[in-house]
Amino acid sequence: MIELAIGVLTLLAAADPITQVKSVGPVEVTTTLSPSEPTIGDEITLEIRVAAAAGVEVLMPEFGEALSRYTILDFVPRQRIADDGSTIISQRYTLQPYSSGKQSIPPILVEFVDNRPGQKPAPDDLDAYEILTDRIDFTVKSVLPTGATEALKPPQGPLDLAPGRATSVWLGTLLAVLAALALAVVAGIVWHRRRQRATRRNAYEIARARLDKLLARQFPRDAAEIEQFFVAISAIVRRYLEDRFDLRAPELTTEEFLSLAGSASDLSSDHQTLLQQFLRQADLVKFAGIQASRDEMELSRDLAIRFLEETRENAPLIEDTDRPRELETAVAWQPSAVGQTNSRDSHSARTEDANV
């Protein structure tokens, strides 16, 4: 309890301001500094208060005069004239010291001219009377512990691991390596599955890509090339039907194929009619030797596109064999291309011819 009381008294003593008073004739100058024992980083307040009798002109010091060693955070000047004509002028500075240790406020000069009747305005050799305040000494306390030195010590070097710490470090490293390996395995599995999914597309997308490839060039004019065009486009549609509706009938004639497609698939009657019109027009060119005109080729193109578009909904995912190598059937209708890729359709065509 006694120690607490002593501590409180010490704090109050440290908070007491330092006050000095100096008078010359009709003027009294009071300088006050608070707190008396600040800590580095604290703000300190310096107030210069001048009381002068009526008829005395006071000349206060210029702003910041003799205070360049401190940071001036705030400055408040005031002046008041009492009922008896006396004047009270003050200047209050809020300062912040740059460093800890012993500090001081230098003497500050206050001047005045005595204009009272019968009084000498100023000394013979001066323009005004002068009052020089006394220096105010104070100490700025440091935040360092008592006895601490400001000298820097050399680095202590690496610290040894505490007993058992080395085992923990190695165990943590091992776990981190195992976790990294597990992540790598998971990433590999995810990548492999994504790559597998990337090689699968729905039947409509594959057929449409093949058809677009076939139609990228101009319509042929030669009779043999026209026949090859119809072989290629009918092969694309038949392949789409097999993939789209899971029909496996490469050896069937057109009539047999249409019958199977109508009974074993979800084709509507309108789509069956559309498919029948398309395949039979292709058969007329392939097997009856009819020379198709450009209008008939455009009609076959439009029928194929319409059939694909109207049956595209819910098309199943299948293995996309065209990813590494686009179907040559859709590249062109030249004999070399058609002969390499339409062996199934050509075989089907031969079967149909034999059946006819």
# chains A, B, ... in the order shown; residues from 1 in each chain; ligands from 1

call {"tool": "select_by_dssp", "arguments": {"residues": "range 128-308 of chain A", "states": "helix (DSSP H, G or I)", "output": "VMD selection string"}}
result
chain A and resid 165 to 198 203 to 214 223 to 245 254 to 264 269 to 286 294 to 308

call {"tool": "residues_around", "arguments": {"residues": "range 300-314 of chain A", "least_positions_apart": "2", "cutoff": "6 Å", "atoms": "only C-alpha atoms", "output": "list in words"}}
result
Tyr204, Met297 and Glu298 of chain A

call {"tool": "residues_around", "arguments": {"residues": "Gly262 in chain A", "least_positions_apart": "3", "cutoff": "12 Å", "atoms": "only C-alpha atoms", "output": "mmCIF file with C-alpha atoms, in the first residue's frame"}}
result
data_model
loop_
_atom_site.group_PDB
_atom_site.id
_atom_site.type_symbol
_atom_site.label_atom_id
_atom_site.label_comp_id
_atom_site.auth_asym_id
_atom_site.auth_seq_id
_atom_site.Cartn_x
_atom_site.Cartn_y
_atom_site.Cartn_z
ATOM 1 C CA LEU A 241 -28.111 -42.557 -86.684
ATOM 2 C CA PHE A 245 -29.910 -44.235 -81.528
ATOM 3 C CA LEU A 247 -28.228 -48.844 -84.221
ATOM 4 C CA GLU A 255 -35.157 -49.963 -96.822
ATOM 5 C CA GLU A 256 -33.992 -52.361 -94.081
ATOM 6 C CA PHE A 257 -32.150 -49.576 -92.328
ATOM 7 C CA LEU A 258 -35.200 -47.279 -92.438
ATOM 8 C CA SER A 259 -37.381 -50.047 -91.081
ATOM 9 C CA SER A 265 -35.455 -45.698 -82.160
ATOM 10 C CA ASP A 266 -37.241 -42.640 -80.859
ATOM 11 C CA LEU A 267 -37.620 -41.130 -84.316
ATOM 12 C CA SER A 268 -40.903 -39.354 -84.860
ATOM 13 C CA SER A 269 -42.922 -39.991 -88.003
ATOM 14 C CA ASP A 270 -41.853 -36.604 -89.396
ATOM 15 C CA HIS A 271 -38.192 -37.431 -88.834
ATOM 16 C CA GLN A 272 -38.652 -40.865 -90.406
ATOM 17 C CA THR A 273 -40.160 -39.227 -93.485
ATOM 18 C CA LEU A 274 -37.315 -36.706 -93.604
ATOM 19 C CA LEU A 275 -34.705 -39.460 -93.301
ATOM 20 C CA GLN A 276 -36.449 -41.563 -95.962
#

call {"tool": "residues_around", "arguments": {"residues": "Ile290 in chain A", "least_positions_apart": "6", "cutoff": "12 Å", "atoms": "only C-alpha atoms", "output": "count of residues only"}}
result
10

call {"tool": "closest_atom_pairs", "arguments": {"of": "range 52-90 of chain A", "to": "range 131-141 of chain A", "cutoff": "12 Å", "atoms": "only C-alpha atoms", "output": "CSV"}}
result
residue,atom,partner,partner_atom,distance
A:Val58,CA,A:Ile131,CA,10.7
A:Leu59,CA,A:Ile131,CA,10.5
A:Met60,CA,A:Ile131,CA,10.5
A:Pro61,CA,A:Leu132,CA,10.6
A:Ala66,CA,A:Arg135,CA,10.8
A:Leu67,CA,A:Arg135,CA,12.0

call {"tool": "residues_around", "arguments": {"residues": "Asp127 in chain A", "least_positions_apart": "2", "cutoff": "12 Å", "atoms": "only C-alpha atoms", "output": "PyMOL selection string"}}
result
chain A and resi 59+111-114+120-125+129-130

call {"tool": "atom_distance", "arguments": {"atom1": "CA of Asn202 in chain A", "atom2": "CA of Gln277 in chain A"}}
result
25.0 Å
